[in-house]
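Undergrad: Supplied in structure tokens, the structure appears directly below.
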Amino acid sequence: KKYQQLKKNLLKDKEVSQEYNNLGLEFSLIELIIKRRIEQGLTQKELARKIKTKQSAVSRLESGSYNPSIAFLQKVADALDARLKISLSVR
């Protein structure tokens, strides 16, 4: 519920809302990571410690200003007790 309220408040800002819509798939992944982190009761610092990186790396990931490798995303998924699933399909 905390996540939904935070999202609702952030999307009230027209700039944030526009960027959110423009990012599509990328933002959907970020949204899932943040949601799962919050559900697990972890701070960015705690998640960073679990994946042996700095809090700033988690912050960059969650802000969308970092283009993570699949290996990094796998570490995040493992730390969040989640499964990373990537697919490619024909249009």
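Ordering of the structure tokens sets the chain letters (A, B, ...); residue numbers start at 1 within each chain; ligands are numbered from 1 in the order shown.
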Once DSSP has gone over the backbone, tell me which residues of chain A are in helix (DSSP H, G or I), as a CSV table (one decimal) with all heavy atoms, in the first residue's frame.
TA:
chain,number,residue,atom,x,y,z
A,2,LYS,N,2.0,1.2,0.7
A,2,LYS,CA,2.9,2.3,0.7
A,2,LYS,C,3.4,2.7,-0.7
A,2,LYS,O,3.4,3.8,-1.1
A,2,LYS,CB,4.1,2.1,1.6
A,2,LYS,CG,3.8,2.0,3.1
A,2,LYS,CD,5.1,1.7,3.8
A,2,LYS,CE,4.9,1.5,5.3
A,2,LYS,NZ,6.1,1.2,6.0
A,3,TYR,N,3.7,1.6,-1.4
A,3,TYR,CA,4.2,1.8,-2.8
A,3,TYR,C,3.1,2.4,-3.7
A,3,TYR,O,3.4,3.4,-4.4
A,3,TYR,CB,4.6,0.4,-3.4
A,3,TYR,CG,4.9,0.5,-4.9
A,3,TYR,CD1,6.0,1.1,-5.3
A,3,TYR,CD2,3.9,0.1,-5.8
A,3,TYR,CE1,6.3,1.2,-6.7
A,3,TYR,CE2,4.2,0.2,-7.1
A,3,TYR,CZ,5.3,0.7,-7.6
A,3,TYR,OH,5.6,0.9,-8.9
A,4,GLN,N,1.9,1.9,-3.6
A,4,GLN,CA,0.8,2.5,-4.4
A,4,GLN,C,0.6,4.0,-4.1
A,4,GLN,O,0.3,4.7,-5.0
A,4,GLN,CB,-0.5,1.7,-4.2
A,4,GLN,CG,-0.4,0.3,-4.8
A,4,GLN,CD,-0.2,0.2,-6.3
A,4,GLN,OE1,-0.6,1.1,-7.0
A,4,GLN,NE2,0.4,-0.8,-6.8
A,5,GLN,N,0.6,4.3,-2.9
A,5,GLN,CA,0.4,5.7,-2.5
A,5,GLN,C,1.6,6.6,-3.0
A,5,GLN,O,1.3,7.7,-3.5
A,5,GLN,CB,0.3,5.9,-1.0
A,5,GLN,CG,-0.1,7.3,-0.5
A,5,GLN,CD,-1.4,7.7,-1.1
A,5,GLN,OE1,-2.4,7.0,-1.1
A,5,GLN,NE2,-1.5,8.9,-1.6
A,6,LEU,N,2.8,6.1,-2.9
A,6,LEU,CA,3.9,6.8,-3.4
A,6,LEU,C,3.8,7.0,-4.9
A,6,LEU,O,4.0,8.1,-5.4
A,6,LEU,CB,5.2,6.0,-3.1
A,6,LEU,CG,6.5,6.6,-3.6
A,6,LEU,CD1,6.8,8.0,-3.1
A,6,LEU,CD2,7.7,5.7,-3.4
A,7,LYS,N,3.5,6.0,-5.6
A,7,LYS,CA,3.3,6.0,-7.1
A,7,LYS,C,2.3,7.1,-7.4
A,7,LYS,O,2.5,7.9,-8.3
A,7,LYS,CB,3.0,4.7,-7.6
A,7,LYS,CG,2.8,4.7,-9.1
A,7,LYS,CD,2.4,3.3,-9.6
A,7,LYS,CE,2.0,3.3,-11.1
A,7,LYS,NZ,1.6,2.0,-11.5
A,8,LYS,N,1.1,7.0,-6.8
A,8,LYS,CA,0.0,7.9,-7.0
A,8,LYS,C,0.5,9.4,-6.8
A,8,LYS,O,0.2,10.2,-7.7
A,8,LYS,CB,-1.2,7.6,-6.1
A,8,LYS,CG,-2.4,8.4,-6.3
A,8,LYS,CD,-3.5,7.9,-5.4
A,8,LYS,CE,-4.7,8.8,-5.6
A,8,LYS,NZ,-5.8,8.4,-4.7
A,9,ASN,N,1.2,9.6,-5.7
A,9,ASN,CA,1.6,11.0,-5.5
A,9,ASN,C,2.6,11.4,-6.5
A,9,ASN,O,2.6,12.6,-7.0
A,9,ASN,CB,2.3,11.1,-4.1
A,9,ASN,CG,1.2,10.9,-3.0
A,9,ASN,OD1,0.1,11.2,-3.2
A,9,ASN,ND2,1.7,10.6,-1.8
A,10,LEU,N,3.6,10.6,-6.9
A,10,LEU,CA,4.6,11.0,-7.9
A,10,LEU,C,3.9,11.2,-9.3
A,10,LEU,O,4.4,12.1,-10.0
A,10,LEU,CB,5.6,9.9,-8.0
A,10,LEU,CG,6.6,9.7,-6.8
A,10,LEU,CD1,7.5,8.5,-7.0
A,10,LEU,CD2,7.4,11.0,-6.7
A,14,LYS,N,3.1,16.3,-13.7
A,14,LYS,CA,3.0,16.1,-15.1
A,14,LYS,C,4.3,15.6,-15.8
A,14,LYS,O,4.3,14.7,-16.6
A,14,LYS,CB,2.5,17.3,-15.8
A,14,LYS,CG,1.0,17.6,-15.6
A,14,LYS,CD,0.6,18.9,-16.4
A,14,LYS,CE,-0.9,19.1,-16.1
A,14,LYS,NZ,-1.4,20.3,-16.9
A,15,GLU,N,5.4,16.1,-15.3
A,15,GLU,CA,6.7,15.7,-15.9
A,15,GLU,C,7.0,14.3,-15.6
A,15,GLU,O,7.4,13.5,-16.4
A,15,GLU,CB,7.8,16.6,-15.4
A,15,GLU,CG,8.2,17.7,-16.3
A,15,GLU,CD,9.4,18.5,-15.8
A,15,GLU,OE1,10.5,17.8,-15.6
A,15,GLU,OE2,9.3,19.7,-15.5
A,16,VAL,N,6.8,13.9,-14.3
A,16,VAL,CA,7.0,12.5,-13.9
A,16,VAL,C,6.1,11.6,-14.6
A,16,VAL,O,6.5,10.5,-15.1
A,16,VAL,CB,6.8,12.4,-12.3
A,16,VAL,CG1,6.9,10.9,-11.9
A,16,VAL,CG2,7.9,13.2,-11.6
A,17,SER,N,4.8,12.0,-14.7
A,17,SER,CA,3.8,11.1,-15.4
A,17,SER,C,4.2,10.9,-16.9
A,17,SER,O,4.1,9.8,-17.4
A,17,SER,CB,2.5,11.8,-15.3
A,17,SER,OG,1.5,11.0,-15.9
A,18,GLN,N,4.7,12.0,-17.5
A,18,GLN,CA,5.0,11.9,-19.0
A,18,GLN,C,6.2,11.0,-19.1
A,18,GLN,O,6.2,10.1,-20.0
A,18,GLN,CB,5.3,13.3,-19.5
A,18,GLN,CG,5.6,13.3,-21.0
A,18,GLN,CD,5.9,14.7,-21.6
A,18,GLN,OE1,5.8,15.7,-20.9
A,18,GLN,NE2,6.1,14.7,-22.9
A,19,GLU,N,7.2,11.2,-18.3
A,19,GLU,CA,8.4,10.3,-18.4
A,19,GLU,C,8.1,8.9,-18.1
A,19,GLU,O,8.6,7.9,-18.7
A,19,GLU,CB,9.5,10.8,-17.4
A,19,GLU,CG,10.2,12.0,-17.9
A,19,GLU,CD,10.9,11.9,-19.3
A,19,GLU,OE1,11.6,10.9,-19.5
A,19,GLU,OE2,10.7,12.8,-20.1
A,20,TYR,N,7.2,8.7,-17.1
A,20,TYR,CA,6.8,7.3,-16.8
A,20,TYR,C,6.1,6.6,-18.0
A,20,TYR,O,6.5,5.5,-18.3
A,20,TYR,CB,5.7,7.4,-15.6
A,20,TYR,CG,5.1,6.1,-15.2
A,20,TYR,CD1,5.8,5.3,-14.3
A,20,TYR,CD2,3.9,5.7,-15.7
A,20,TYR,CE1,5.2,4.1,-13.9
A,20,TYR,CE2,3.3,4.5,-15.3
A,20,TYR,CZ,4.0,3.7,-14.4
A,20,TYR,OH,3.5,2.5,-14.0
A,21,ASN,N,5.3,7.3,-18.7
A,21,ASN,CA,4.6,6.8,-19.9
A,21,ASN,C,5.6,6.6,-21.0
A,21,ASN,O,5.5,5.6,-21.8
A,21,ASN,CB,3.5,7.7,-20.3
A,21,ASN,CG,2.3,7.7,-19.3
A,21,ASN,OD1,2.1,6.7,-18.7
A,21,ASN,ND2,1.7,8.8,-19.2
A,22,ASN,N,6.6,7.4,-21.2
A,22,ASN,CA,7.6,7.3,-22.2
A,22,ASN,C,8.5,6.1,-22.0
A,22,ASN,O,9.0,5.5,-23.0
A,22,ASN,CB,8.4,8.6,-22.4
A,22,ASN,CG,7.7,9.7,-22.9
A,22,ASN,OD1,6.6,9.6,-23.5
A,22,ASN,ND2,8.1,10.9,-22.7
A,23,LEU,N,8.8,5.8,-20.8
A,23,LEU,CA,9.8,4.7,-20.5
A,23,LEU,C,9.2,3.3,-20.7
A,23,LEU,O,9.9,2.4,-20.8
A,23,LEU,CB,10.4,4.9,-19.1
A,23,LEU,CG,11.3,6.1,-19.0
A,23,LEU,CD1,11.7,6.3,-17.5
A,23,LEU,CD2,12.6,5.9,-19.8
A,25,LEU,N,8.4,-0.2,-20.9
A,25,LEU,CA,9.0,-1.4,-20.4
A,25,LEU,C,10.0,-1.2,-19.4
A,25,LEU,O,10.0,-1.9,-18.3
A,25,LEU,CB,9.5,-2.3,-21.6
A,25,LEU,CG,10.1,-3.6,-21.3
A,25,LEU,CD1,9.0,-4.5,-20.6
A,25,LEU,CD2,10.6,-4.3,-22.5
A,26,GLU,N,11.0,-0.3,-19.6
A,26,GLU,CA,12.0,-0.1,-18.7
A,26,GLU,C,11.5,0.3,-17.3
A,26,GLU,O,11.9,-0.2,-16.3
A,26,GLU,CB,13.0,1.0,-19.2
A,26,GLU,CG,14.1,1.3,-18.3
A,26,GLU,CD,15.0,2.4,-18.8
A,26,GLU,OE1,14.9,2.8,-20.0
A,26,GLU,OE2,15.9,2.9,-18.0
A,27,PHE,N,10.5,1.2,-17.3
A,27,PHE,CA,10.0,1.7,-16.1
A,27,PHE,C,9.1,0.6,-15.4
A,27,PHE,O,9.1,0.5,-14.2
A,27,PHE,CB,9.1,3.0,-16.3
A,27,PHE,CG,9.1,3.9,-15.1
A,27,PHE,CD1,10.2,4.7,-14.8
A,27,PHE,CD2,8.1,3.8,-14.2
A,27,PHE,CE1,10.2,5.5,-13.7
A,27,PHE,CE2,8.1,4.6,-13.1
A,27,PHE,CZ,9.1,5.5,-12.8
A,28,SER,N,8.5,-0.2,-16.2
A,28,SER,CA,7.8,-1.4,-15.6
A,28,SER,C,8.7,-2.3,-14.8
A,28,SER,O,8.3,-2.7,-13.7
A,28,SER,CB,7.1,-2.2,-16.7
A,28,SER,OG,6.1,-1.4,-17.3
A,29,LEU,N,9.9,-2.5,-15.3
A,29,LEU,CA,10.8,-3.3,-14.6
A,29,LEU,C,11.3,-2.6,-13.3
A,29,LEU,O,11.3,-3.3,-12.3
A,29,LEU,CB,12.0,-3.7,-15.5
A,29,LEU,CG,13.2,-4.4,-14.8
A,29,LEU,CD1,12.7,-5.8,-14.3
A,29,LEU,CD2,14.3,-4.6,-15.8
A,30,ILE,N,11.6,-1.4,-13.4
A,30,ILE,CA,12.0,-0.6,-12.2
A,30,ILE,C,10.9,-0.6,-11.2
A,30,ILE,O,11.1,-0.8,-10.0
A,30,ILE,CB,12.4,0.9,-12.7
A,30,ILE,CG1,13.6,0.9,-13.5
A,30,ILE,CG2,12.5,1.7,-11.4
A,30,ILE,CD1,13.9,2.2,-14.2
A,31,GLU,N,9.7,-0.4,-11.7
A,31,GLU,CA,8.5,-0.4,-10.8
A,31,GLU,C,8.4,-1.8,-10.0
A,31,GLU,O,8.2,-1.8,-8.8
A,31,GLU,CB,7.2,-0.2,-11.6
A,31,GLU,CG,6.0,-0.2,-10.8
A,31,GLU,CD,4.7,0.1,-11.6
A,31,GLU,OE1,4.8,-0.1,-12.8
A,31,GLU,OE2,3.7,0.4,-11.0
A,32,LEU,N,8.6,-2.9,-10.7
A,32,LEU,CA,8.5,-4.2,-10.1
A,32,LEU,C,9.6,-4.4,-9.1
A,32,LEU,O,9.4,-4.9,-8.0
A,32,LEU,CB,8.6,-5.3,-11.1
A,32,LEU,CG,7.4,-5.4,-12.1
A,32,LEU,CD1,7.7,-6.4,-13.2
A,32,LEU,CD2,6.2,-5.8,-11.3
A,33,ILE,N,10.8,-3.9,-9.4
A,33,ILE,CA,12.0,-4.0,-8.4
A,33,ILE,C,11.7,-3.2,-7.2
A,33,ILE,O,11.9,-3.7,-6.0
A,33,ILE,CB,13.3,-3.5,-9.1
A,33,ILE,CG1,13.7,-4.6,-10.2
A,33,ILE,CG2,14.4,-3.3,-8.1
A,33,ILE,CD1,14.8,-4.1,-11.1
A,34,ILE,N,11.2,-1.9,-7.3
A,34,ILE,CA,11.0,-1.1,-6.2
A,34,ILE,C,9.8,-1.7,-5.3
A,34,ILE,O,9.9,-1.8,-4.1
A,34,ILE,CB,10.6,0.3,-6.6
A,34,ILE,CG1,11.8,1.0,-7.3
A,34,ILE,CG2,10.1,1.1,-5.4
A,34,ILE,CD1,11.4,2.3,-7.9
A,35,LYS,N,8.8,-2.2,-6.0
A,35,LYS,CA,7.7,-2.8,-5.3
A,35,LYS,C,8.1,-4.0,-4.5
A,35,LYS,O,7.8,-4.1,-3.3
A,35,LYS,CB,6.6,-3.1,-6.3
A,35,LYS,CG,5.3,-3.7,-5.7
A,35,LYS,CD,4.3,-4.1,-6.7
A,35,LYS,CE,3.1,-4.6,-6.0
A,35,LYS,NZ,2.0,-5.0,-7.0
A,36,ARG,N,8.9,-4.8,-5.1
A,36,ARG,CA,9.4,-6.0,-4.4
A,36,ARG,C,10.3,-5.7,-3.2
A,36,ARG,O,10.2,-6.3,-2.2
A,36,ARG,CB,10.1,-7.0,-5.4
A,36,ARG,CG,10.5,-8.3,-4.8
A,36,ARG,CD,9.3,-9.1,-4.5
A,36,ARG,NE,9.7,-10.4,-3.9
A,36,ARG,CZ,9.0,-11.1,-3.1
A,36,ARG,NH1,7.8,-10.8,-2.9
A,36,ARG,NH2,9.5,-12.2,-2.7
A,37,ARG,N,11.1,-4.7,-3.4
A,37,ARG,CA,12.0,-4.3,-2.4
A,37,ARG,C,11.2,-3.8,-1.2
A,37,ARG,O,11.5,-4.1,0.0
A,37,ARG,CB,13.0,-3.2,-2.8
A,37,ARG,CG,13.9,-2.7,-1.7
A,37,ARG,CD,14.9,-1.6,-2.2
A,37,ARG,NE,14.3,-0.4,-2.8
A,37,ARG,CZ,13.8,0.5,-2.0
A,37,ARG,NH1,13.7,0.5,-0.7
A,37,ARG,NH2,13.3,1.6,-2.6
A,38,ILE,N,10.2,-3.0,-1.4
A,38,ILE,CA,9.4,-2.4,-0.4
A,38,ILE,C,8.6,-3.6,0.3
A,38,ILE,O,8.5,-3.6,1.5
A,38,ILE,CB,8.5,-1.3,-0.9
A,38,ILE,CG1,9.3,-0.1,-1.3
A,38,ILE,CG2,7.4,-0.9,0.1
A,38,ILE,CD1,8.5,1.0,-2.0
A,39,GLU,N,8.1,-4.5,-0.5
A,39,GLU,CA,7.3,-5.6,0.1
A,39,GLU,C,8.2,-6.4,1.0
A,39,GLU,O,7.8,-7.0,2.0
A,39,GLU,CB,6.8,-6.5,-1.0
A,39,GLU,CG,5.6,-6.0,-1.8
A,39,GLU,CD,5.2,-6.8,-3.0
A,39,GLU,OE1,6.0,-7.7,-3.4
A,39,GLU,OE2,4.2,-6.5,-3.6
A,44,GLN,N,17.2,0.7,0.3
A,44,GLN,CA,18.1,0.6,-0.8
A,44,GLN,C,19.5,0.1,-0.3
A,44,GLN,O,20.1,-0.7,-0.9
A,44,GLN,CB,18.3,1.9,-1.6
A,44,GLN,CG,17.1,2.3,-2.4
A,44,GLN,CD,17.4,3.6,-3.1
A,44,GLN,OE1,18.3,4.4,-2.8
A,44,GLN,NE2,16.5,3.9,-4.1
A,45,LYS,N,19.9,0.6,0.9
A,45,LYS,CA,21.1,0.3,1.5
A,45,LYS,C,21.2,-1.2,1.8
A,45,LYS,O,22.2,-1.9,1.6
A,45,LYS,CB,21.4,1.1,2.7
A,45,LYS,CG,22.8,1.0,3.3
A,45,LYS,CD,23.0,2.0,4.4
A,45,LYS,CE,24.4,1.9,4.9
A,45,LYS,NZ,24.7,2.9,5.9
A,46,GLU,N,20.1,-1.7,2.3
A,46,GLU,CA,20.0,-3.1,2.7
A,46,GLU,C,20.1,-4.0,1.5
A,46,GLU,O,20.8,-5.1,1.4
A,46,GLU,CB,18.8,-3.4,3.5
A,46,GLU,CG,18.8,-2.8,4.9
A,46,GLU,CD,17.5,-2.8,5.6
A,46,GLU,OE1,16.4,-2.8,4.9
A,46,GLU,OE2,17.5,-2.8,6.8
A,47,LEU,N,19.4,-3.6,0.4
A,47,LEU,CA,19.4,-4.4,-0.9
A,47,LEU,C,20.8,-4.3,-1.4
A,47,LEU,O,21.4,-5.4,-1.9
A,47,LEU,CB,18.4,-3.8,-1.9
A,47,LEU,CG,18.4,-4.5,-3.3
A,47,LEU,CD1,18.2,-6.0,-3.2
A,47,LEU,CD2,17.4,-3.8,-4.2
A,48,ALA,N,21.4,-3.2,-1.4
A,48,ALA,CA,22.8,-3.1,-1.9
A,48,ALA,C,23.8,-4.0,-1.1
A,48,ALA,O,24.6,-4.7,-1.8
A,48,ALA,CB,23.3,-1.6,-1.8
A,49,ARG,N,23.6,-4.1,0.1
A,49,ARG,CA,24.5,-4.9,1.0
A,49,ARG,C,24.3,-6.4,0.5
A,49,ARG,O,25.2,-7.2,0.4
A,49,ARG,CB,24.2,-4.7,2.4
A,49,ARG,CG,25.1,-5.4,3.4
A,49,ARG,CD,24.9,-5.1,4.8
A,49,ARG,NE,23.6,-4.5,5.2
A,49,ARG,CZ,23.5,-3.3,5.7
A,49,ARG,NH1,24.5,-2.6,6.0
A,49,ARG,NH2,22.3,-2.9,6.0
A,50,LYS,N,23.0,-6.8,0.3
A,50,LYS,CA,22.7,-8.2,-0.1
A,50,LYS,C,23.4,-8.5,-1.5
A,50,LYS,O,23.7,-9.7,-1.7
A,50,LYS,CB,21.2,-8.4,-0.2
A,50,LYS,CG,20.5,-8.5,1.2
A,50,LYS,CD,19.1,-8.7,1.0
A,50,LYS,CE,18.8,-10.2,0.9
A,50,LYS,NZ,17.4,-10.6,1.1
A,55,GLN,N,24.8,1.6,-2.2
A,55,GLN,CA,23.4,2.0,-2.2
A,55,GLN,C,23.2,2.9,-3.4
A,55,GLN,O,22.2,2.9,-4.0
A,55,GLN,CB,23.1,2.8,-0.9
A,55,GLN,CG,21.7,3.4,-0.8
A,55,GLN,CD,21.6,4.8,-1.4
A,55,GLN,OE1,22.6,5.6,-1.4
A,55,GLN,NE2,20.5,5.1,-1.9
A,56,SER,N,24.3,3.7,-3.8
A,56,SER,CA,24.1,4.6,-5.0
A,56,SER,C,23.8,3.8,-6.3
A,56,SER,O,23.1,4.3,-7.2
A,56,SER,CB,25.4,5.4,-5.2
A,56,SER,OG,26.5,4.6,-5.3
A,57,ALA,N,24.3,2.5,-6.4
A,57,ALA,CA,24.0,1.7,-7.6
A,57,ALA,C,22.6,1.3,-7.6
A,57,ALA,O,21.9,1.3,-8.6
A,57,ALA,CB,24.9,0.5,-7.6
A,58,VAL,N,22.0,1.0,-6.4
A,58,VAL,CA,20.6,0.7,-6.3
A,58,VAL,C,19.7,1.9,-6.6
A,58,VAL,O,18.8,1.8,-7.4
A,58,VAL,CB,20.2,0.1,-5.0
A,58,VAL,CG1,18.7,-0.1,-4.8
A,58,VAL,CG2,21.0,-1.2,-4.7
A,59,SER,N,20.2,3.0,-6.1
A,59,SER,CA,19.5,4.3,-6.4
A,59,SER,C,19.4,4.6,-7.9
A,59,SER,O,18.4,5.0,-8.4
A,59,SER,CB,20.1,5.4,-5.6
A,59,SER,OG,19.5,6.6,-5.9
A,60,ARG,N,20.6,4.4,-8.6
A,60,ARG,CA,20.7,4.7,-10.0
A,60,ARG,C,19.7,3.7,-10.8
A,60,ARG,O,19.1,4.1,-11.7
A,60,ARG,CB,22.1,4.6,-10.5
A,60,ARG,CG,23.0,5.8,-10.1
A,60,ARG,CD,24.3,5.8,-10.9
A,60,ARG,NE,25.0,4.5,-10.8
A,60,ARG,CZ,25.9,4.2,-9.8
A,60,ARG,NH1,26.1,5.1,-8.8
A,60,ARG,NH2,26.5,3.1,-9.8
A,61,LEU,N,19.7,2.5,-10.4
A,61,LEU,CA,18.9,1.5,-11.0
A,61,LEU,C,17.4,1.9,-10.8
A,61,LEU,O,16.7,1.9,-11.8
A,61,LEU,CB,19.1,0.1,-10.3
A,61,LEU,CG,18.1,-1.0,-10.8
A,61,LEU,CD1,18.3,-1.3,-12.2
A,61,LEU,CD2,18.3,-2.2,-9.9
A,62,GLU,N,17.0,2.3,-9.6
A,62,GLU,CA,15.6,2.6,-9.4
A,62,GLU,C,15.2,3.9,-10.0
A,62,GLU,O,14.0,4.2,-10.2
A,62,GLU,CB,15.3,2.6,-7.9
A,62,GLU,CG,15.4,1.2,-7.3
A,62,GLU,CD,15.0,1.1,-5.8
A,62,GLU,OE1,14.7,2.2,-5.2
A,62,GLU,OE2,15.0,0.0,-5.2
A,63,SER,N,16.2,4.8,-10.3
A,63,SER,CA,15.8,6.1,-10.9
A,63,SER,C,15.8,6.0,-12.4
A,63,SER,O,15.3,6.9,-13.1
A,63,SER,CB,16.8,7.2,-10.4
A,63,SER,OG,18.1,6.9,-11.1
A,70,ILE,N,22.4,-7.9,-17.4
A,70,ILE,CA,21.5,-9.0,-17.0
A,70,ILE,C,22.0,-9.6,-15.7
A,70,ILE,O,21.2,-10.0,-14.9
A,70,ILE,CB,21.3,-10.0,-18.2
A,70,ILE,CG1,20.6,-9.3,-19.3
A,70,ILE,CG2,20.6,-11.3,-17.7
A,70,ILE,CD1,20.5,-10.2,-20.6
A,71,ALA,N,23.3,-9.7,-15.6
A,71,ALA,CA,23.9,-10.3,-14.4
A,71,ALA,C,23.6,-9.5,-13.2
A,71,ALA,O,23.2,-10.1,-12.1
A,71,ALA,CB,25.4,-10.4,-14.5
A,72,PHE,N,23.6,-8.2,-13.3
A,72,PHE,CA,23.2,-7.3,-12.2
A,72,PHE,C,21.7,-7.5,-11.8
A,72,PHE,O,21.4,-7.6,-10.6
A,72,PHE,CB,23.5,-5.9,-12.5
A,72,PHE,CG,23.3,-4.9,-11.3
A,72,PHE,CD1,24.2,-4.8,-10.3
A,72,PHE,CD2,22.1,-4.2,-11.2
A,72,PHE,CE1,24.0,-3.9,-9.2
A,72,PHE,CE2,21.9,-3.3,-10.2
A,72,PHE,CZ,22.8,-3.2,-9.2
A,73,LEU,N,20.9,-7.5,-12.8
A,73,LEU,CA,19.5,-7.8,-12.6
A,73,LEU,C,19.2,-9.1,-11.9
A,73,LEU,O,18.3,-9.2,-11.1
A,73,LEU,CB,18.7,-7.6,-13.9
A,73,LEU,CG,18.6,-6.2,-14.5
A,73,LEU,CD1,17.9,-6.3,-15.9
A,73,LEU,CD2,17.9,-5.3,-13.6
A,74,GLN,N,20.0,-10.1,-12.3
A,74,GLN,CA,19.8,-11.4,-11.7
A,74,GLN,C,20.2,-11.4,-10.2
A,74,GLN,O,19.5,-12.0,-9.4
A,74,GLN,CB,20.7,-12.5,-12.4
A,74,GLN,CG,20.5,-13.9,-11.9
A,74,GLN,CD,19.1,-14.4,-12.1
A,74,GLN,OE1,18.6,-14.4,-13.2
A,74,GLN,NE2,18.4,-14.7,-11.0
A,75,LYS,N,21.3,-10.7,-9.9
A,75,LYS,CA,21.6,-10.5,-8.5
A,75,LYS,C,20.5,-9.8,-7.7
A,75,LYS,O,20.2,-10.2,-6.6
A,75,LYS,CB,22.9,-9.7,-8.3
A,75,LYS,CG,24.2,-10.4,-8.7
A,75,LYS,CD,25.3,-9.4,-8.5
A,75,LYS,CE,26.6,-10.0,-9.0
A,75,LYS,NZ,27.8,-9.1,-8.8
A,76,VAL,N,19.9,-8.8,-8.3
A,76,VAL,CA,18.8,-8.1,-7.6
A,76,VAL,C,17.6,-9.0,-7.4
A,76,VAL,O,17.0,-9.1,-6.4
A,76,VAL,CB,18.4,-6.8,-8.5
A,76,VAL,CG1,17.1,-6.2,-7.9
A,76,VAL,CG2,19.5,-5.8,-8.5
A,77,ALA,N,17.3,-9.8,-8.5
A,77,ALA,CA,16.2,-10.7,-8.4
A,77,ALA,C,16.4,-11.7,-7.3
A,77,ALA,O,15.5,-12.0,-6.5
A,77,ALA,CB,15.9,-11.4,-9.7
A,78,ASP,N,17.6,-12.3,-7.3
A,78,ASP,CA,18.0,-13.3,-6.2
A,78,ASP,C,17.8,-12.7,-4.8
A,78,ASP,O,17.3,-13.3,-3.9
A,78,ASP,CB,19.4,-13.8,-6.4
A,78,ASP,CG,19.5,-14.7,-7.6
A,78,ASP,OD1,18.5,-15.2,-8.2
A,78,ASP,OD2,20.7,-14.9,-8.1
A,79,ALA,N,18.3,-11.5,-4.7
A,79,ALA,CA,18.3,-10.8,-3.3
A,79,ALA,C,16.8,-10.5,-2.9
A,79,ALA,O,16.5,-10.5,-1.7
A,79,ALA,CB,19.1,-9.5,-3.4
